[in-house]
Amino acid sequence: MADMQLVMILTTLSLVVVLHSSAKAGDAHEYRKMEWTALDSIDIPSLEFRKNDNTLVSLSDVLGDKMPPITIISFMAEWCKNCRYEAPFMNEIYTKFKDSGLELIIIMEYSTPEGASEFLKKYEFQMPVLFGELSLKDEARKNTTQHSKIRNAIKDPRKWGTPFHIVLDNVNSKRVGLIPGEMERDEIREFLEKKLNH
């Protein structure tokens, strides 16, 4: 009887260790360096997304007649843990650099209106927010989105691909910086400090 109890205790402990390891593996950050590339087939500023009232607006309409020195367009989803990791940093850089010429636009993709609203409220985003083409995870339609077309251009292997950041530099409009994952904190801070003369 004592041997059986010992076996059960050891089996339970093994299961706890496996589950804990799995949870930790799933909590991993996915930091990526910025890759500069030419996206000749995709005119980023002309891409259209939905406003809160469901009307379409292009990114260039949001940015206005004069392109800011640096624009970051960030695809996020409320269910994405890496987006939740990223949100405080996005607030940090927006607060620090917005008066020096940084514009940051959030695009909630694959997100329900309710979920997106809770996410935006929780992180108190002050930057403009638009909504992507899909308001939920739709396997059949996912590869038709503008978000997926941009990701496919750099062969981003992730299933849903959030967070995903696009960096536009008005001095070099032929190339865009792409970050398929969380931003490398020091890299982005240094980039913005240099570009915006901080």
# chains A, B, ... in the order shown; residues from 1 in each chain; ligands from 1

call {"tool": "closest_atom_pairs", "arguments": {"of": "stretch 115-198 of chain A", "to": "stretch 88-99 of chain A", "cutoff": "12 Å", "atoms": "only C-alpha atoms", "output": "JSON lines"}}
result
{"residue": "A:Phe119", "atom": "CA", "partner": "A:Pro88", "partner_atom": "CA", "distance": 11.7}
{"residue": "A:Leu120", "atom": "CA", "partner": "A:Asn91", "partner_atom": "CA", "distance": 11.2}
{"residue": "A:Lys122", "atom": "CA", "partner": "A:Pro88", "partner_atom": "CA", "distance": 10.3}
{"residue": "A:Tyr123", "atom": "CA", "partner": "A:Pro88", "partner_atom": "CA", "distance": 6.9}
{"residue": "A:Glu124", "atom": "CA", "partner": "A:Asn91", "partner_atom": "CA", "distance": 8.2}
{"residue": "A:Phe125", "atom": "CA", "partner": "A:Asn91", "partner_atom": "CA", "distance": 6.6}
{"residue": "A:Gln126", "atom": "CA", "partner": "A:Asn91", "partner_atom": "CA", "distance": 7.8}
{"residue": "A:Met127", "atom": "CA", "partner": "A:Tyr94", "partner_atom": "CA", "distance": 7.6}
{"residue": "A:Pro128", "atom": "CA", "partner": "A:Tyr94", "partner_atom": "CA", "distance": 11.0}
{"residue": "A:Pro163", "atom": "CA", "partner": "A:Met90", "partner_atom": "CA", "distance": 11.2}
{"residue": "A:His165", "atom": "CA", "partner": "A:Met90", "partner_atom": "CA", "distance": 10.7}
{"residue": "A:Glu182", "atom": "CA", "partner": "A:Phe89", "partner_atom": "CA", "distance": 9.6}
{"residue": "A:Met183", "atom": "CA", "partner": "A:Phe89", "partner_atom": "CA", "distance": 8.7}
{"residue": "A:Glu184", "atom": "CA", "partner": "A:Phe89", "partner_atom": "CA", "distance": 10.2}
{"residue": "A:Arg185", "atom": "CA", "partner": "A:Phe89", "partner_atom": "CA", "distance": 7.8}
{"residue": "A:Asp186", "atom": "CA", "partner": "A:Phe89", "partner_atom": "CA", "distance": 11.0}
{"residue": "A:Glu187", "atom": "CA", "partner": "A:Ile93", "partner_atom": "CA", "distance": 11.9}
{"residue": "A:Ile188", "atom": "CA", "partner": "A:Ile93", "partner_atom": "CA", "distance": 8.7}
{"residue": "A:Arg189", "atom": "CA", "partner": "A:Ile93", "partner_atom": "CA", "distance": 7.4}
{"residue": "A:Glu190", "atom": "CA", "partner": "A:Ile93", "partner_atom": "CA", "distance": 11.0}
{"residue": "A:Phe191", "atom": "CA", "partner": "A:Ile93", "partner_atom": "CA", "distance": 11.2}
{"residue": "A:Leu192", "atom": "CA", "partner": "A:Phe97", "partner_atom": "CA", "distance": 7.5}
{"residue": "A:Glu193", "atom": "CA", "partner": "A:Phe97", "partner_atom": "CA", "distance": 8.3}
{"residue": "A:Lys194", "atom": "CA", "partner": "A:Phe97", "partner_atom": "CA", "distance": 11.3}
{"residue": "A:Lys195", "atom": "CA", "partner": "A:Phe97", "partner_atom": "CA", "distance": 10.4}
{"residue": "A:Leu196", "atom": "CA", "partner": "A:Phe97", "partner_atom": "CA", "distance": 7.7}
{"residue": "A:Asn197", "atom": "CA", "partner": "A:Phe97", "partner_atom": "CA", "distance": 9.9}
{"residue": "A:His198", "atom": "CA", "partner": "A:Phe97", "partner_atom": "CA", "distance": 8.2}

call {"tool": "write_last_selection", "arguments": {"atoms": "C-alpha atoms", "output": "mmCIF file, in the first residue's frame"}}
result
data_model
loop_
_atom_site.group_PDB
_atom_site.id
_atom_site.type_symbol
_atom_site.label_atom_id
_atom_site.label_comp_id
_atom_site.auth_asym_id
_atom_site.auth_seq_id
_atom_site.Cartn_x
_atom_site.Cartn_y
_atom_site.Cartn_z
ATOM 1 C CA PHE A 119 -7.247 45.457 -24.026
ATOM 2 C CA LEU A 120 -7.081 49.128 -25.063
ATOM 3 C CA LYS A 122 -6.317 48.092 -19.670
ATOM 4 C CA TYR A 123 -3.160 49.523 -21.268
ATOM 5 C CA GLU A 124 -4.557 53.067 -21.588
ATOM 6 C CA PHE A 125 -3.295 53.581 -25.134
ATOM 7 C CA GLN A 126 -3.290 57.263 -26.149
ATOM 8 C CA MET A 127 -2.265 56.674 -29.776
ATOM 9 C CA PRO A 128 -4.669 56.244 -32.722
ATOM 10 C CA PRO A 163 2.656 41.562 -32.467
ATOM 11 C CA HIS A 165 5.453 46.235 -36.245
ATOM 12 C CA GLU A 182 8.267 42.064 -29.865
ATOM 13 C CA MET A 183 10.588 45.027 -30.353
ATOM 14 C CA GLU A 184 14.160 44.762 -29.117
ATOM 15 C CA ARG A 185 13.880 47.470 -26.456
ATOM 16 C CA ASP A 186 17.397 48.936 -26.655
ATOM 17 C CA GLU A 187 17.455 48.815 -30.461
ATOM 18 C CA ILE A 188 14.223 50.794 -30.789
ATOM 19 C CA ARG A 189 15.149 53.334 -28.105
ATOM 20 C CA GLU A 190 18.525 53.978 -29.808
ATOM 21 C CA PHE A 191 16.883 54.186 -33.238
ATOM 22 C CA LEU A 192 14.296 56.726 -32.059
ATOM 23 C CA GLU A 193 16.831 58.787 -30.104
ATOM 24 C CA LYS A 194 19.066 59.017 -33.165
ATOM 25 C CA LYS A 195 16.305 59.727 -35.688
ATOM 26 C CA LEU A 196 14.397 62.177 -33.518
ATOM 27 C CA ASN A 197 17.482 63.940 -32.115
ATOM 28 C CA HIS A 198 16.706 63.144 -28.499
#

call {"tool": "residues_around", "arguments": {"residues": "stretch 171-180 of chain A", "least_positions_apart": "6", "cutoff": "7 Å", "atoms": "only C-alpha atoms", "output": "ChimeraX atom specification"}}
result
/A:32-39,156,161,163-165

call {"tool": "write_last_selection", "arguments": {"atoms": "N, CA and C atoms", "output": "tab-separated table (two decimals), in the first residue's frame"}}
result
chain	number	residue	atom	x	y	z
A	32	ARG	N	12.47	40.43	-31.60
A	32	ARG	CA	13.05	40.34	-32.95
A	32	ARG	C	13.70	41.67	-33.29
A	33	LYS	N	14.80	41.60	-33.99
A	33	LYS	CA	15.46	42.82	-34.47
A	33	LYS	C	14.70	43.36	-35.67
A	34	MET	N	14.82	44.66	-35.90
A	34	MET	CA	14.17	45.29	-37.03
A	34	MET	C	14.93	44.93	-38.32
A	35	GLU	N	14.20	44.53	-39.35
A	35	GLU	CA	14.78	44.20	-40.65
A	35	GLU	C	14.29	45.23	-41.66
A	36	TRP	N	15.23	45.93	-42.30
A	36	TRP	CA	14.86	46.92	-43.30
A	36	TRP	C	14.75	46.25	-44.66
A	37	THR	N	13.64	46.48	-45.34
A	37	THR	CA	13.42	45.83	-46.63
A	37	THR	C	12.59	46.73	-47.53
A	38	ALA	N	12.68	46.49	-48.82
A	38	ALA	CA	11.83	47.20	-49.79
A	38	ALA	C	10.56	46.39	-49.98
A	39	LEU	N	9.41	47.01	-49.80
A	39	LEU	CA	8.13	46.33	-50.04
A	39	LEU	C	7.50	46.98	-51.26
A	156	ASP	N	7.34	35.40	-42.42
A	156	ASP	CA	7.11	35.27	-40.98
A	156	ASP	C	6.39	33.93	-40.74
A	161	GLY	N	0.87	35.82	-36.05
A	161	GLY	CA	1.78	36.92	-36.35
A	161	GLY	C	1.53	38.23	-35.63
A	163	PRO	N	2.62	40.22	-31.86
A	163	PRO	CA	2.66	41.56	-32.47
A	163	PRO	C	3.49	41.57	-33.74
A	164	PHE	N	3.21	42.56	-34.57
A	164	PHE	CA	3.97	42.76	-35.81
A	164	PHE	C	4.05	44.27	-36.03
A	165	HIS	N	5.26	44.79	-36.15
A	165	HIS	CA	5.45	46.24	-36.24
A	165	HIS	C	6.06	46.62	-37.60

call {"tool": "residues_around", "arguments": {"residues": "A:Ile107", "least_positions_apart": "4", "cutoff": "9 Å", "atoms": "only C-alpha atoms", "output": "MDAnalysis selection string"}}
result
chainID A and resid 49:50 73:77 128:132

call {"tool": "atom_distance", "arguments": {"atom1": "atom CA of A:Leu47", "atom2": "atom CA of A:Trp160"}}
result
19.3 Å

call {"tool": "atom_distance", "arguments": {"atom1": "atom CA of A:Ile166", "atom2": "atom CA of A:Arg84"}}
result
17.9 Å

call {"tool": "select_by_dssp", "arguments": {"residues": "stretch 8-145 of chain A", "states": "alpha helix (DSSP H)", "output": "PyMOL selection string"}}
result
chain A and resi 8-26+59-63+81-97+113-123

call {"tool": "residues_around", "arguments": {"residues": "A:Ser46", "least_positions_apart": "6", "cutoff": "9 Å", "atoms": "only C-alpha atoms", "output": "compact mmCIF listing (two decimals) with N, CA and C atoms, in the first residue's frame"}}
result
# COMPACT_ATOMS: atom_id res chain seq x y z
N SER A 58 -7.62 55.31 -44.67
CA SER A 58 -6.26 54.89 -45.03
C SER A 58 -5.29 55.38 -43.96
N LEU A 59 -4.15 54.72 -43.89
CA LEU A 59 -3.12 55.16 -42.94
C LEU A 59 -2.66 56.57 -43.26
N SER A 60 -2.58 56.91 -44.55
CA SER A 60 -2.14 58.26 -44.92
C SER A 60 -3.15 59.31 -44.46
N ASP A 61 -4.44 58.96 -44.42
CA ASP A 61 -5.45 59.89 -43.88
C ASP A 61 -5.24 60.11 -42.39

call {"tool": "closest_residue", "arguments": {"among": "A:Glu133, A:Asp40, A:Glu78, A:Glu103", "to": "A:Asn54", "atoms": "only C-alpha atoms"}}
result
A:Glu133

call {"tool": "atom_distance", "arguments": {"atom1": "atom CA of A:Ala153", "atom2": "atom CA of A:Gly101"}}
result
27.8 Å

call {"tool": "select_by_dssp", "arguments": {"residues": "stretch 2-189 of chain A", "states": "strand (DSSP E or B)", "output": "JSON, numbers by chain"}}
result
{"A": [31, 32, 35, 36, 37, 48, 49, 50, 56, 57, 58, 70, 71, 72, 73, 74, 75, 76, 102, 103, 104, 105, 106, 107, 108, 129, 130, 131, 164, 165, 166, 167, 168, 169, 176, 177, 178, 179, 182, 183]}

call {"tool": "residues_around", "arguments": {"residues": "A:Asp138", "least_positions_apart": "6", "cutoff": "12 Å", "atoms": "only C-alpha atoms", "output": "list in words"}}
result
Glu109, Tyr110, Ser111, Thr112, Thr144, Thr145, Lys159 and Trp160 of chain A
